[in-house]
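Engineer: Quick one: this structure, given as C-alpha cells, is what I'll be asking you about.
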Amino acid sequence: MNHFEETEEKELQTSGSPSLRLTTKEILASKNQSSFAQTKSTETLLIQLAFSIGLGNLWRFPYLCHQNGGGDFILMYLFMLLLFGIPLLYMEMIVGQWLHTDNIQMWKQLIPWMGGIGYANILVCVLVSLYHSVIISWSFDYLGRSFHHPLPWTECPRTTDRSFNVTRLSCLNTVSHQYFWYHITLNTSSHMEEGIKALVPNLTLDIFSVWLLLFIFMSAGLKFSLPRLIFSIFLPYVVIFCLLIRGLFLEGAAASLRRMVTTEPAPLASHCWSHLCPQLSAWASLDMWRQAGSHVLYSLGLGMGTVINIFCKAGGRNFIQVACLVALANLVTSLLTTSVIFIVLGFWTANSGQACVEKSVIKLMNLIDRGILPQDVKPPQHTLRLSPLDYLNWIENLPEHLKYQVVRFSPSCSIKALEEKFMQGPGLVFAAFSQAISLLPSASLWAILFFLILIVMGLSTLMKIMEGIVFPLQNSMFRQQPLLLSAVVCLGGFVGSLVFTSHPGSYIVSLFDEHVVPLTLVIIVAFQNVTLAWVYGANRFREEMYGDLGHLVWSFFVFLWRFVTLLGLLLLLTMCLMSLYRSPPPHYIAWNSTLSQEVKQPYLPSTLGWATVLSILTCLPIPVHPLRQWWYFQDHEVKEPFDKMQCKKLTLAPTGPSQWPKHHAEKASFKLQDRKGEGSSRILSLPLARASKLDSLWHFNLPWSRYSKASSGFSLPLFSSLTSVFPLRGPSLPPSRQVSPNSTVIFNSDRSGEAKEENEHKESLQ
C-alpha cells in the first residue's frame, strides 16, 4: 500500500495538470454512468408501456365504456385511476426496484409469513393468460380472413344448406359485421348452459398457434431491444389515428363523440339505491364502480407480480413520473380506441331501418339497369313509403334463387331499426374495427396491418404475464431445467384454454373477465397493501427506502397506502361479492340466432358458485403459507429451546445507526482525499447533519407516526404480537436491510453512542 501511494505521488508531481486529468476522467466516467442509467430507465419505461398498453385498452375498456354510458364511466375511471391506480402502481414499482428480486422471494424476504402472495400472483397470471390467449386467437382468425378480397365481413356470408349455397335472411336484421362475429368466427351457441359438447375447429387451431409461438419466444429467450420497443408502441397509434380520421367523416360522427363524452342520467337497475332516491344518476350504480375499479387494476397489471418483475432490474429513481406517464398513456389509448368504437356505432345506427331500405332499393335499381339482376327482383312501387318490416317480408316471399341474389347484393346495413346499444358483448371491438377498416381504401391491407398489430401487442402483454409465471418458479425450483418449465407451462396453458374454444366459449370468457379475475385481483392487491402499509409498516418502509436508495417516499403516498387505497379496495371487494350474489343475478350477453340480436341471459347459481370457488382457490396460498410457517416454527421449537431462538432473534437488531445512501459516503470520502488538511471534522459530521435533517422529515406530527412516543414498527397490536413468532425480514437479506421492530427505538434513542464512535474515528485518522 505504501509503495502504491509513493508511485501515485511521483506521477502527480511529474504531470503538468494532475487535477485536470483526474477531473476529466471522472467527468467521462460520470457521463458514461449517467448515460447507461438513463438508457436503462428509458428501456424499463418502454417495457412497462408495452405491457400496459394492450388488450386492456383496445379490447376491454371500449366495451365497458359503451356498456356503462360513456362519459360517466370515463369520469369514474379517471377518478379511481388518480386515487387508487397511480399510488398502487408506484408502490409495486419502488418495492421491485428496492429489493431487486422476483415477486415470490420479495414477499418472503419482506414478511416471511406473507410469502403466499407471490404464489397467488402466479395463479392469477395463469387465469389471465388462459383467456388472453383466446382473445389473441380471435385476432388470428380475423388476420387469416383479411387476405380475401373483398373482406368477408363486408357482406352477408354464405352457408351450405342442403344442396346449394344460400345466404341466411337473418343477416339482414343486423349488420354483417356482427353476424360474421357470432356465426362465422365464434359459431356460438344460444346460451352457456348448452355445455362444452364440441370445439370450434378454427379457434382451436388458432389457439394452438398462439401457445406454440409463446413457447418458441420463451425458449429462444426473445428480448425486445430499444428500437423494437419504440416501434411496437408507436405503430398502433398510427393505425388508430388513421381509423379515427376516417371515422370523423362518417355520418353521425359528431353526435357519437358528443354522446361518448357527455354524462347523461341512466336508468337505475335493481342493484342500485333506487328505493332511496329515484333521481340518482349512473354514479349510483355499484356495477359501474366495480367495473371501473377492477379495470384500473387490470389495465395497470396490478396484483399479478409483473410490475415487480419488470422493475426489479430497473434503473432511475423518479418512479412517480413513470407511474403517472404509464397511467396517462393508458387513458389516452383507451379514449382513442373508444372514440373509434362510438363513431362506428353511430354510423350503424344512422344507417339502419328506413335509411337501410333506401340504400337497398337504390342499389337494386342500379344493378337491374346494368343488367346484373333480372327484372323480377324489381321492388314494388311505393316501397320507400312502407315500413322496413314490409320490405323484409317482400324479400322473404321471393323465389329461392332470387332471394339469394337480393340478399347477396344488399348493402352492409340493418333493415331492422337498431338502438344505440344493440351490441354490448366482448365482440364489439372486433366488429366495430372491422367495419372501420372496411371503409378505408385498400381495406385488405389495412386489415392485415391492424390485426397483425393487435396480435403483436397481445403477445407482448402475454409474454410478460408468462414471465410472471416462469421467472419466479425458475428462480426458486427450476434453475437447471428452464426449457422443460416453459414447455410444461405452455402445454398446460393450451390444454386449459381449450374450454374457451367451445361453442359457449365466449360466454365463459365474459365470466372470467367480469367476475373471476376482478375478484381475485382485488383480494391480492388488498393483501399486498395491508402487508406493506400495516404489517411491515409504511413508515419503516419509507425509512429503509431512504437508507438503501437515497430518496424519500412522498409522505402523501404513505397516507394513501395506509388509509385511502386500503379502504377503497375493501369497498371494491364488497361490490364484487355483492355483484355475484345479488338479486336478480348478474347476466351475460348471448346471441339469439332466431331474432338476430343480442339478449341478456342470467348466470345460473351453479356457474356463480364455480366462479367463487375458482377465485378462492387462486387466493388460497395466502392463508396456507402462514400455516406452513407456523407448522415449521412448532417443529423448530421442539428441536431448539425457546431461549436460544430468542437470543438469535435479539442479535438481529442493529447496534448502530442505519446506513446512509452510498452516494453520500462516496462524496464524503472523495472530499477527504482531495482536501486532506482542511475541514475534516466538518466532512465527518455530514452523516450526522443529514441524520438530524432526516429526523425532522420523519416526524409527521400525526397520531399514526411510528416515531411518536411508545410506538413500534407495527400499528396494530395483533401484528406486534405475531412478530415474536414470525420475523419481519428473512435472513437472506444483507445486514443493512435487516431491521427489527426494536431498530426504531435504537435509532431514535440518545445519540451518545454515535458521538463516541465519531470521536474514535477522528482519533484513528489523526
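Convention: chains lettered A, B, ... in C-alpha cells order; per-chain residue numbering from 1; ligands numbered from 1 as shown.
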I want to know what sits within 10 Å of range 414-417 of chain A, based on only C-alpha atoms, with residues of the same chain fewer than 2 positions away left out; could you give that as a ChimeraX atom specification?

Structural biologist: /A:170-176,348-360,387-389,391-392,410-412,419,422

Engineer: Within 6 Å of range 441-451 of chain A, counting only C-alpha atoms, which residues qualify if same-chain residues fewer than 4 places away don't, as a compact mmCIF listing (two decimals) with N, CA and C atoms, in the first residue's frame?

Structural biologist:
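Everything below was put into result26.txt:
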```txt
# COMPACT_ATOMS: atom_id res chain seq x y z
N SER A 139 -58.02 -12.67 -32.95
CA SER A 139 -57.28 -11.81 -33.88
C SER A 139 -56.61 -12.64 -34.97
N LEU A 143 -57.14 -12.17 -38.90
CA LEU A 143 -55.98 -11.95 -39.76
C LEU A 143 -55.96 -12.92 -40.93
N SER A 146 -58.37 -11.78 -43.51
CA SER A 146 -58.11 -10.46 -44.09
C SER A 146 -57.45 -10.53 -45.46
N ILE A 437 -62.24 -0.52 -40.71
CA ILE A 437 -61.19 -0.87 -41.66
C ILE A 437 -61.75 -1.03 -43.06
```

Engineer: Taking only C-alpha atoms into account, name the residue in A:Cys413, A:Leu88, A:Ala611, A:Val489 that is nearest to Gly468 in chain A.

Structural biologist: A:Val489

Engineer: Counting only C-alpha atoms, which residue out of A:Glu251, A:Glu92, A:Glu193, A:Glu543 sits closest to Tyr603 in chain A?

Structural biologist: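 Of A:Glu251, A:Glu92, A:Glu193, A:Glu543, the one nearest Tyr603 in chain A, counting only C-alpha atoms, is A:Glu193.
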
Engineer: So which residues of range 285-411 of chain A fall under helix (DSSP H, G or I) by DSSP, listed as JSON, numbers by chain?

Structural biologist: {"A": [286, 287, 288, 289, 290, 291, 292, 293, 294, 295, 296, 297, 298, 299, 300, 306, 307, 308, 309, 310, 311, 319, 320, 321, 322, 323, 324, 325, 326, 327, 328, 329, 330, 331, 332, 333, 334, 335, 336, 337, 338, 339, 340, 341, 342, 343, 344, 345, 346, 347, 348, 349, 350, 354, 355, 356, 357, 358, 359, 360, 361, 362, 363, 364, 365, 366, 367, 368, 369, 375, 376, 377, 383, 384, 385, 388, 389, 390, 391, 392, 393, 394, 395, 396, 400, 401, 402, 403, 404, 405, 406, 407, 408]}

Engineer: Taking only C-alpha atoms into account, produce a table as CSV in which each residue of range 394-445 of chain A with an atom at most 8 Å from an atom of range 61-74 of chain A appears once, together with its shortest atom pair and the distance in Å to one decimal, ordered by chain and rising number.

Structural biologist:
```
residue,atom,partner,partner_atom,distance
A:Lys421,CA,A:Gln67,CA,7.6
A:Gln424,CA,A:Gln67,CA,6.0
A:Gly425,CA,A:Tyr63,CA,6.9
A:Pro426,CA,A:Tyr63,CA,6.5
A:Leu428,CA,A:Tyr63,CA,6.3
A:Val429,CA,A:Tyr63,CA,7.0
```

Engineer: Hey, can you spit out that residue selection with C-alpha atoms as an mmCIF file, in the first residue's frame?

Structural biologist:
```cif
data_model
loop_
_atom_site.group_PDB
_atom_site.id
_atom_site.type_symbol
_atom_site.label_atom_id
_atom_site.label_comp_id
_atom_site.auth_asym_id
_atom_site.auth_seq_id
_atom_site.Cartn_x
_atom_site.Cartn_y
_atom_site.Cartn_z
ATOM 1 C CA LYS A 421 -76.685 -0.333 -27.573
ATOM 2 C CA GLN A 424 -72.611 -4.819 -25.963
ATOM 3 C CA GLY A 425 -70.592 -8.009 -25.716
ATOM 4 C CA PRO A 426 -66.819 -8.559 -25.851
ATOM 5 C CA LEU A 428 -67.911 -5.157 -30.005
ATOM 6 C CA VAL A 429 -64.323 -4.130 -30.710
#
```

Engineer: Restricting the calculation to only C-alpha atoms, which member of A:Ala533, A:Leu214, A:Ile508, A:Met545 is positioned closest to Val558 in chain A?

Structural biologist: A:Ala533

Engineer: Using only C-alpha atoms, can you tell me which of A:Phe208, A:Leu229, A:Asn318, A:Ser339 comes closest to Met260 in chain A?

Structural biologist: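 For Met260 in chain A, the nearest of the candidates is A:Ser339.
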
Engineer: Using only C-alpha atoms, can you tell me which of A:Arg258, A:His177, A:Arg290, A:His183 comes closest to Met80 in chain A?

Structural biologist: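 Checking each candidate against Met80 in chain A, we get A:Arg290 as the closest.
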
Engineer: Can you tell me, as a ChimeraX atom specification, what residues are no more than 9 Å from range 615-628 of chain A when counting only C-alpha atoms, ignoring any on the same chain fewer than 2 positions away?

Structural biologist: /A:112-124,127,516-517,519-520,523-524,527,610-613,630-633,726

Engineer: Restricted to N, CA and C atoms, what would the selected residues look like written as a PDB file, in the first residue's frame?

Structural biologist:
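After the write, out.pdb holds the following:
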```pdb
ATOM      1  N   PRO A 112     -41.947 -12.927   5.934  1.00  0.00           N
ATOM      2  CA  PRO A 112     -41.888 -14.347   5.569  1.00  0.00           C
ATOM      3  C   PRO A 112     -43.225 -15.065   5.629  1.00  0.00           C
ATOM      4  N   TRP A 113     -44.053 -14.735   6.614  1.00  0.00           N
ATOM      5  CA  TRP A 113     -45.318 -15.463   6.714  1.00  0.00           C
ATOM      6  C   TRP A 113     -46.383 -14.936   5.759  1.00  0.00           C
ATOM      7  N   MET A 114     -46.053 -13.924   4.933  1.00  0.00           N
ATOM      8  CA  MET A 114     -46.942 -13.468   3.869  1.00  0.00           C
ATOM      9  C   MET A 114     -46.382 -13.827   2.494  1.00  0.00           C
ATOM     10  N   GLY A 115     -45.505 -14.823   2.442  1.00  0.00           N
ATOM     11  CA  GLY A 115     -44.925 -15.233   1.166  1.00  0.00           C
ATOM     12  C   GLY A 115     -45.916 -15.852   0.205  1.00  0.00           C
ATOM     13  N   GLY A 116     -47.102 -16.227   0.682  1.00  0.00           N
ATOM     14  CA  GLY A 116     -48.112 -16.801  -0.212  1.00  0.00           C
ATOM     15  C   GLY A 116     -48.646 -15.820  -1.227  1.00  0.00           C
ATOM     16  N   ILE A 117     -48.422 -14.521  -1.026  1.00  0.00           N
ATOM     17  CA  ILE A 117     -48.879 -13.528  -2.005  1.00  0.00           C
ATOM     18  C   ILE A 117     -48.202 -13.760  -3.344  1.00  0.00           C
ATOM     19  N   GLY A 118     -46.912 -14.104  -3.332  1.00  0.00           N
ATOM     20  CA  GLY A 118     -46.202 -14.353  -4.584  1.00  0.00           C
ATOM     21  C   GLY A 118     -46.785 -15.523  -5.356  1.00  0.00           C
ATOM     22  N   TYR A 119     -47.169 -16.589  -4.661  1.00  0.00           N
ATOM     23  CA  TYR A 119     -47.777 -17.736  -5.343  1.00  0.00           C
ATOM     24  C   TYR A 119     -49.177 -17.394  -5.854  1.00  0.00           C
ATOM     25  N   ALA A 120     -49.903 -16.558  -5.131  1.00  0.00           N
ATOM     26  CA  ALA A 120     -51.206 -16.096  -5.636  1.00  0.00           C
ATOM     27  C   ALA A 120     -51.031 -15.242  -6.888  1.00  0.00           C
ATOM     28  N   ASN A 121     -49.955 -14.443  -6.957  1.00  0.00           N
ATOM     29  CA  ASN A 121     -49.648 -13.700  -8.188  1.00  0.00           C
ATOM     30  C   ASN A 121     -49.495 -14.635  -9.370  1.00  0.00           C
ATOM     31  N   ILE A 122     -48.821 -15.755  -9.165  1.00  0.00           N
ATOM     32  CA  ILE A 122     -48.615 -16.710 -10.257  1.00  0.00           C
ATOM     33  C   ILE A 122     -49.939 -17.317 -10.702  1.00  0.00           C
ATOM     34  N   LEU A 123     -50.803 -17.682  -9.762  1.00  0.00           N
ATOM     35  CA  LEU A 123     -52.075 -18.313 -10.121  1.00  0.00           C
ATOM     36  C   LEU A 123     -53.000 -17.354 -10.863  1.00  0.00           C
ATOM     37  N   VAL A 124     -53.024 -16.078 -10.465  1.00  0.00           N
ATOM     38  CA  VAL A 124     -53.873 -15.137 -11.192  1.00  0.00           C
ATOM     39  C   VAL A 124     -53.294 -14.863 -12.577  1.00  0.00           C
ATOM     40  N   LEU A 127     -54.733 -17.568 -14.768  1.00  0.00           N
ATOM     41  CA  LEU A 127     -56.113 -17.289 -15.187  1.00  0.00           C
ATOM     42  C   LEU A 127     -56.160 -16.264 -16.316  1.00  0.00           C
ATOM     43  N   VAL A 516     -64.485 -13.418 -12.260  1.00  0.00           N
ATOM     44  CA  VAL A 516     -63.451 -14.242 -11.621  1.00  0.00           C
ATOM     45  C   VAL A 516     -62.159 -13.454 -11.429  1.00  0.00           C
ATOM     46  N   VAL A 517     -61.610 -12.913 -12.512  1.00  0.00           N
ATOM     47  CA  VAL A 517     -60.327 -12.206 -12.435  1.00  0.00           C
ATOM     48  C   VAL A 517     -60.427 -10.915 -11.625  1.00  0.00           C
ATOM     49  N   LEU A 519     -62.397 -10.162  -9.068  1.00  0.00           N
ATOM     50  CA  LEU A 519     -62.479 -10.511  -7.648  1.00  0.00           C
ATOM     51  C   LEU A 519     -61.128 -10.977  -7.119  1.00  0.00           C
ATOM     52  N   THR A 520     -60.418 -11.785  -7.900  1.00  0.00           N
ATOM     53  CA  THR A 520     -59.110 -12.285  -7.465  1.00  0.00           C
ATOM     54  C   THR A 520     -58.089 -11.164  -7.357  1.00  0.00           C
ATOM     55  N   ILE A 523     -58.626  -9.014  -4.206  1.00  0.00           N
ATOM     56  CA  ILE A 523     -58.194  -9.680  -2.974  1.00  0.00           C
ATOM     57  C   ILE A 523     -56.674  -9.631  -2.837  1.00  0.00           C
ATOM     58  N   ILE A 524     -55.960  -9.940  -3.928  1.00  0.00           N
ATOM     59  CA  ILE A 524     -54.493  -9.983  -3.868  1.00  0.00           C
ATOM     60  C   ILE A 524     -53.914  -8.594  -3.624  1.00  0.00           C
ATOM     61  N   PHE A 527     -54.337  -7.581  -0.008  1.00  0.00           N
ATOM     62  CA  PHE A 527     -53.348  -8.202   0.871  1.00  0.00           C
ATOM     63  C   PHE A 527     -51.980  -7.553   0.701  1.00  0.00           C
ATOM     64  N   TRP A 610     -69.137 -21.795  -9.058  1.00  0.00           N
ATOM     65  CA  TRP A 610     -67.849 -22.210  -9.597  1.00  0.00           C
ATOM     66  C   TRP A 610     -66.901 -21.018  -9.733  1.00  0.00           C
ATOM     67  N   ALA A 611     -67.435 -19.862 -10.095  1.00  0.00           N
ATOM     68  CA  ALA A 611     -66.598 -18.664 -10.200  1.00  0.00           C
ATOM     69  C   ALA A 611     -66.016 -18.278  -8.841  1.00  0.00           C
ATOM     70  N   THR A 612     -66.834 -18.370  -7.784  1.00  0.00           N
ATOM     71  CA  THR A 612     -66.344 -18.058  -6.443  1.00  0.00           C
ATOM     72  C   THR A 612     -65.290 -19.054  -5.984  1.00  0.00           C
ATOM     73  N   VAL A 613     -65.529 -20.342  -6.243  1.00  0.00           N
ATOM     74  CA  VAL A 613     -64.561 -21.371  -5.848  1.00  0.00           C
ATOM     75  C   VAL A 613     -63.231 -21.161  -6.562  1.00  0.00           C
ATOM     76  N   TRP A 630     -46.114 -21.573  10.504  1.00  0.00           N
ATOM     77  CA  TRP A 630     -46.412 -21.909  11.905  1.00  0.00           C
ATOM     78  C   TRP A 630     -46.048 -23.352  12.207  1.00  0.00           C
ATOM     79  N   TRP A 631     -46.350 -24.262  11.276  1.00  0.00           N
ATOM     80  CA  TRP A 631     -46.016 -25.670  11.473  1.00  0.00           C
ATOM     81  C   TRP A 631     -44.504 -25.859  11.550  1.00  0.00           C
ATOM     82  N   TYR A 632     -43.771 -25.155  10.689  1.00  0.00           N
ATOM     83  CA  TYR A 632     -42.312 -25.237  10.727  1.00  0.00           C
ATOM     84  C   TYR A 632     -41.771 -24.660  12.030  1.00  0.00           C
ATOM     85  N   PHE A 633     -42.398 -23.594  12.513  1.00  0.00           N
ATOM     86  CA  PHE A 633     -41.960 -22.987  13.772  1.00  0.00           C
ATOM     87  C   PHE A 633     -42.184 -23.931  14.948  1.00  0.00           C
ATOM     88  N   PHE A 726     -43.140 -14.854  13.896  1.00  0.00           N
ATOM     89  CA  PHE A 726     -42.723 -14.733  12.516  1.00  0.00           C
ATOM     90  C   PHE A 726     -41.880 -13.479  12.354  1.00  0.00           C
TER      91      PHE A 726
END
```

Engineer: One decimal, Å: what's the distance from CA of Leu302 in chain A over to CA of Cys490 in chain A, could you say?

Structural biologist: 22.8 Å

Engineer: Write out as a list in words the residues lying within 10 Å of Ile343 in chain A, counting only C-alpha atoms and excluding same-chain residues fewer than 2 positions away.

Structural biologist: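 Neighbouring residues, sequence-local ones excluded: Leu244, Arg246, Gly247, Leu248, Phe249, Leu250, Glu251, Gly252, Ala253, Ala254, Ala255, Ser256, Leu257, Arg258, Arg259, Met260, Thr338, Ser339, Val340, Ile341, Leu345, Gly346, Phe347, Trp348, Thr349, Ala432 and Ala436 of chain A.
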
Engineer: Could you save those same residues with C-alpha atoms as a PDB file, in the first residue's frame?

Structural biologist:
```pdb
ATOM      1  CA  LEU A 244     -60.156   7.900 -36.244  1.00  0.00           C
ATOM      2  CA  ARG A 246     -61.566   8.272 -41.471  1.00  0.00           C
ATOM      3  CA  GLY A 247     -64.349   7.867 -38.939  1.00  0.00           C
ATOM      4  CA  LEU A 248     -64.713  11.596 -38.414  1.00  0.00           C
ATOM      5  CA  PHE A 249     -66.065  11.866 -41.980  1.00  0.00           C
ATOM      6  CA  LEU A 250     -68.791   9.266 -41.374  1.00  0.00           C
ATOM      7  CA  GLU A 251     -72.411  10.160 -40.860  1.00  0.00           C
ATOM      8  CA  GLY A 252     -73.254  10.909 -37.228  1.00  0.00           C
ATOM      9  CA  ALA A 253     -69.611  11.107 -36.077  1.00  0.00           C
ATOM     10  CA  ALA A 254     -70.031  14.374 -34.159  1.00  0.00           C
ATOM     11  CA  ALA A 255     -73.137  13.166 -32.371  1.00  0.00           C
ATOM     12  CA  SER A 256     -71.382   9.912 -31.449  1.00  0.00           C
ATOM     13  CA  LEU A 257     -68.400  11.710 -29.913  1.00  0.00           C
ATOM     14  CA  ARG A 258     -70.722  14.046 -28.064  1.00  0.00           C
ATOM     15  CA  ARG A 259     -72.604  11.059 -26.690  1.00  0.00           C
ATOM     16  CA  MET A 260     -69.314   9.489 -25.553  1.00  0.00           C
ATOM     17  CA  THR A 338     -63.295   4.176 -27.632  1.00  0.00           C
ATOM     18  CA  SER A 339     -63.769   7.165 -29.946  1.00  0.00           C
ATOM     19  CA  VAL A 340     -63.446   4.894 -32.996  1.00  0.00           C
ATOM     20  CA  ILE A 341     -65.936   2.432 -31.476  1.00  0.00           C
ATOM     21  CA  LEU A 345     -71.784   2.564 -33.594  1.00  0.00           C
ATOM     22  CA  GLY A 346     -73.284   5.917 -34.524  1.00  0.00           C
ATOM     23  CA  PHE A 347     -72.746   5.124 -38.196  1.00  0.00           C
ATOM     24  CA  TRP A 348     -74.549   1.778 -37.824  1.00  0.00           C
ATOM     25  CA  THR A 349     -77.448   3.395 -36.011  1.00  0.00           C
ATOM     26  CA  ALA A 432     -66.549  -2.195 -34.948  1.00  0.00           C
ATOM     27  CA  ALA A 436     -63.924   0.964 -39.751  1.00  0.00           C
TER      28      ALA A 436
END
```

Engineer: Which residue, A:Thr574, A:Ser555, A:Gln601, A:Ser129, has the smallest gap to Ile469 in chain A when you use only C-alpha atoms?

Structural biologist: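 Under the stated criterion, the closest residue is A:Ser129.
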
Engineer: Figure out the distance between CA of Leu199 in chain A and CA of Val499 in chain A, please, to one decimal in Å.

Structural biologist: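 Taking CA of Val499 in chain A as the start and CA of Leu199 in chain A as the end point, the length is 8.0 Å.
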
Engineer: List every residue of range 395-597 of chain A that DSSP, applied to the backbone, labels as strand (DSSP E or B), and write the result as a list in words.

Structural biologist: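 Across range 395-597 of chain A, those assigned strand (DSSP E or B) are Ser502, His587, Tyr588, Ile589, Ala590, Trp591, Asn592 and Gln597 of chain A.
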